[in-house]
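Participant: I'm passing along model_5.txt; it holds compact mmCIF, C-alpha atoms.
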```
# COMPACT_ATOMS: atom_id res chain seq x y z
CA MET A 347 -0.04 -41.24 -15.28
CA SER A 348 2.38 -38.35 -15.72
CA ASN A 349 5.96 -38.89 -16.84
CA GLU A 350 7.35 -37.87 -13.40
CA LEU A 351 5.07 -40.35 -11.60
CA GLU A 352 6.13 -43.12 -13.99
CA LYS A 353 9.81 -42.41 -13.28
CA THR A 354 9.18 -42.46 -9.53
CA ALA A 355 7.28 -45.77 -9.76
CA GLN A 356 9.99 -47.34 -11.93
CA ALA A 357 12.76 -46.22 -9.56
CA ALA A 358 10.87 -47.61 -6.56
CA ASP A 359 10.31 -50.98 -8.28
CA MET A 360 14.02 -51.64 -8.83
CA LYS A 361 15.77 -54.17 -6.64
CA LEU A 362 19.05 -52.81 -5.33
CA ASP A 363 21.48 -54.99 -3.41
CA VAL A 364 24.18 -52.87 -1.78
CA ASP A 365 27.50 -53.98 -0.30
CA VAL A 366 29.33 -51.32 1.70
CA ARG A 367 32.99 -51.30 2.69
CA LEU A 368 33.80 -48.90 5.51
CA ILE A 369 37.18 -47.21 5.59
CA GLU A 370 39.02 -44.96 7.99
CA PRO A 371 37.56 -41.61 6.93
CA ARG A 372 39.76 -39.60 4.55
CA GLY A 373 38.43 -36.07 4.32
CA ASN A 374 34.76 -36.48 3.52
CA LEU A 375 35.19 -40.02 2.09
CA MET A 376 33.60 -42.51 4.50
CA GLY A 377 33.51 -45.73 2.46
CA PHE A 378 32.76 -47.43 -0.83
CA ALA A 379 29.73 -49.30 -2.12
CA ASN A 380 28.94 -51.82 -4.83
CA VAL A 381 25.39 -51.98 -6.13
CA THR A 382 23.67 -54.83 -7.98
CA VAL A 383 20.58 -53.73 -9.91
CA ASN A 384 17.74 -56.27 -10.35
CA ASP A 385 20.21 -59.18 -10.00
CA CYS A 386 21.42 -58.25 -13.51
CA LEU A 387 24.00 -55.50 -13.34
CA ARG A 388 26.72 -54.86 -10.76
CA ILE A 389 28.29 -51.42 -10.49
CA ASP A 390 31.38 -51.00 -8.30
CA ASP A 391 33.11 -48.07 -6.64
CA PHE A 392 30.35 -45.78 -5.50
CA LYS A 393 31.72 -43.44 -2.86
CA VAL A 394 29.96 -42.83 0.46
CA LEU A 395 30.66 -39.18 1.25
CA GLN A 396 29.90 -36.93 4.22
CA GLY A 397 28.45 -33.57 3.26
CA GLU A 398 27.04 -30.65 5.19
CA LYS A 399 23.54 -32.18 4.98
CA GLY A 400 24.64 -35.73 5.84
CA LEU A 401 25.79 -38.75 3.87
CA PHE A 402 25.41 -38.94 0.12
CA VAL A 403 26.57 -41.15 -2.74
CA GLY A 404 29.27 -40.17 -5.20
CA MET A 405 29.07 -41.87 -8.56
CA PRO A 406 31.95 -44.01 -9.84
CA SER A 407 34.35 -41.74 -11.69
CA LYS A 408 37.51 -41.77 -13.72
CA ALA A 409 40.41 -39.31 -13.71
CA GLN A 410 41.29 -37.48 -16.89
CA THR A 411 44.44 -35.37 -17.07
CA LYS A 412 44.62 -32.50 -19.54
CA ASP A 413 47.16 -29.70 -19.56
CA GLY A 414 48.52 -30.79 -16.18
CA LYS A 415 45.07 -30.59 -14.55
CA THR A 416 43.27 -33.67 -13.32
CA ASN A 417 39.51 -33.69 -13.70
CA TYR A 418 37.15 -36.47 -12.76
CA TYR A 419 34.12 -37.47 -14.75
CA GLU A 420 31.36 -39.85 -13.74
CA THR A 421 31.43 -43.21 -15.50
CA VAL A 422 27.96 -44.09 -14.19
CA ARG A 423 25.08 -41.63 -13.93
CA PRO A 424 21.47 -42.04 -12.88
CA VAL A 425 19.14 -40.99 -15.70
CA SER A 426 16.48 -39.54 -13.40
CA LYS A 427 16.53 -37.63 -10.15
CA GLU A 428 14.04 -40.17 -8.77
CA PHE A 429 16.45 -43.05 -9.32
CA ARG A 430 19.31 -41.00 -7.89
CA ALA A 431 17.22 -40.51 -4.71
CA VAL A 432 16.40 -44.25 -4.49
CA LEU A 433 20.06 -45.18 -5.06
CA ASN A 434 21.26 -42.65 -2.50
CA GLU A 435 18.77 -43.90 0.10
CA ALA A 436 19.73 -47.56 -0.47
CA VAL A 437 23.47 -46.91 -0.16
CA VAL A 438 23.15 -44.65 2.91
CA GLU A 439 20.87 -47.22 4.59
CA ALA A 440 23.39 -50.01 3.86
CA TYR A 441 26.20 -47.81 5.22
CA HIS A 442 24.36 -47.24 8.51
CA ALA A 443 23.58 -50.98 8.76
CA GLU A 444 27.27 -51.84 8.28
CA VAL A 445 28.31 -49.30 10.94
CA ALA A 446 25.78 -50.79 13.38
CA HIS A 447 26.99 -54.31 12.57
CA LEU A 448 30.62 -53.40 13.24
CA GLN A 449 29.72 -51.61 16.48
CA ALA A 450 27.80 -54.67 17.70
CA ARG A 451 30.69 -56.92 16.73
CA ALA A 452 33.20 -54.71 18.52
CA ALA A 453 31.06 -54.66 21.66
CA ALA A 454 30.80 -58.47 21.61
CA VAL A 455 34.54 -59.03 21.41
CA SER A 456 35.77 -56.17 23.54
CA LYS A 457 38.22 -57.28 26.20
CA PRO A 458 38.31 -55.98 29.74
CA SER A 459 41.08 -53.53 30.59
CA ILE A 460 44.35 -54.73 32.15
CA MET A 461 43.25 -53.42 35.55
CA GLU A 462 39.94 -55.31 35.27
CA GLN A 463 41.81 -58.49 34.31
CA ILE A 464 44.18 -58.13 37.31
CA ALA A 465 41.26 -57.57 39.68
CA GLU A 466 39.42 -60.61 38.27
CA GLY A 467 42.59 -62.73 38.62
CA ALA A 468 42.98 -61.62 42.24
CA LYS A 469 39.37 -62.60 43.00
CA GLU A 470 39.87 -66.05 41.44
CA ALA A 471 43.11 -66.57 43.35
CA ALA A 472 41.40 -65.61 46.62
CA LYS A 473 38.60 -68.09 45.94
CA GLU A 474 41.10 -70.87 45.20
CA ASN A 475 43.07 -70.08 48.34
CA ALA A 476 39.90 -70.06 50.45
CA ALA A 477 38.87 -73.43 49.04
CA ARG A 478 42.17 -75.11 49.94
CA PRO A 479 42.31 -76.92 53.24
CA ALA A 480 44.69 -75.45 55.76
CA PRO A 481 47.99 -77.34 55.94
CA ALA A 482 48.02 -79.88 58.73
CA LYS A 483 50.28 -78.96 61.61
CA ALA A 484 52.66 -81.66 62.58
CA SER A 485 52.41 -82.53 66.23
CA LYS A 486 55.71 -82.53 68.04
CA THR A 487 56.87 -85.74 69.49
CA LYS A 488 58.11 -85.93 73.10
CA ALA A 489 61.67 -86.10 71.84
CA GLU A 490 61.33 -82.85 69.86
CA ARG A 491 59.93 -80.92 72.84
```
Can you turn what I pasted into structure tokens?

Facilitator:
Amino acid sequence: MSNELEKTAQAADMKLDVDVRLIEPRGNLMGFANVTVNDCLRIDDFKVLQGEKGLFVGMPSKAQTKDGKTNYYETVRPVSKEFRAVLNEAVVEAYHAEVAHLQARAAAVSKPSIMEQIAEGAKEAAKENAARPAPAKASKTKAER
């Protein structure tokens, strides 16, 4: 087996558990992810970024200031392009799953508009009024006539 095929097989055999935290988008930053590798190593602060070709994963990084300029360098790096592809796919898939989960949750708890609530209240009031017996009319006595 060639070295490239071995790397691809090894990357595919890894177990990646991904937790995604969505945020209000800031520029191209869409969220953050934490990844647990083979139930042995947890890596926090991956960035979920929107690029021209779609979502991709930014590696955890640290700021370094030199001569008044701030540069960022990755504190975690995939060793192979195959693992980078597997990691990227796992994080993007988890991001889409979290978006779908939040959309379903929002749809389940959405409240009707004020106008819909008023209309529904009017219907219920009309039903209650229709179900009430009409008030009995008092018959007038001979003295009252």

Participant: Between CA of Phe429 in chain A and CA of Asp391 in chain A, measure the distance and give it in Å to one decimal.

Facilitator: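 CA of Asp391 in chain A lies 17.6 Å from CA of Phe429 in chain A.
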
Participant: Give one line per residue of range 409-438 of chain A that approaches range 370-381 of chain A to at most 12 Å, naming the two atoms of the closest pair and their distance in Å to one decimal, counting all atoms listed in the file; sort by chain then ascending residue number and deliver it as a Markdown table.

Facilitator:
```
| residue | atom | partner | partner_atom | distance |
| --- | --- | --- | --- | --- |
| A:Val422 | CA | A:Val381 | CA | 11.6 |
| A:Val432 | CA | A:Val381 | CA | 12.0 |
| A:Leu433 | CA | A:Val381 | CA | 8.7 |
| A:Asn434 | CA | A:Ala379 | CA | 10.8 |
| A:Ala436 | CA | A:Val381 | CA | 9.1 |
| A:Val437 | CA | A:Ala379 | CA | 7.0 |
| A:Val438 | CA | A:Ala379 | CA | 9.5 |
```

Participant: In terms of the shortest atom-to-atom distance over only C-alpha atoms, which of A:Ala476, A:Val366, A:Leu401, A:Ile460 is closest to His447 in chain A?

Facilitator: A:Val366

Participant: I'd like to know which of A:Pro458, A:Pro406, A:Pro479, A:Pro424 is closest to Val394 in chain A, using only C-alpha atoms.

Facilitator: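 The shortest atom-to-atom distance to Val394 in chain A comes from A:Pro406.
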
Participant: Which is closer to Arg367 in chain A than all the others in A:Val445, A:Val403, A:Ala453, A:Ala482, using all atoms listed in the file?

Facilitator: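 Ranked by minimum distance to Arg367 in chain A, first place goes to A:Val445.
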
Participant: Which value, in Å to one decimal, gives the distance between CA of Ser407 in chain A and CA of Thr421 in chain A?

Facilitator: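 Taking CA of Ser407 in chain A and CA of Thr421 in chain A, their separation equals 5.0 Å.
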
Participant: I'd like the interatomic distance between CA of Leu362 in chain A and CA of Phe402 in chain A, to a tenth of an Å.

Facilitator: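 CA of Phe402 in chain A lies at a distance of 16.2 Å from CA of Leu362 in chain A.
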
Participant: Smallest atom-to-atom distance to Arg423 in chain A: which of A:Leu368, A:Ala409, A:Ile389, A:Ala454, using all atoms listed in the file?

Facilitator: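 Of all the options, A:Ile389 lies closest to Arg423 in chain A.
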
Participant: Quick one: residues within 8 Å of Val383 in chain A, all atoms listed in the file, excluding same-chain residues fewer than 2 positions away - as a list in words?

Facilitator: Met360, Lys361, Leu362, Asp363, Val381, Asp385, Cys386, Leu387 and Arg388 of chain A
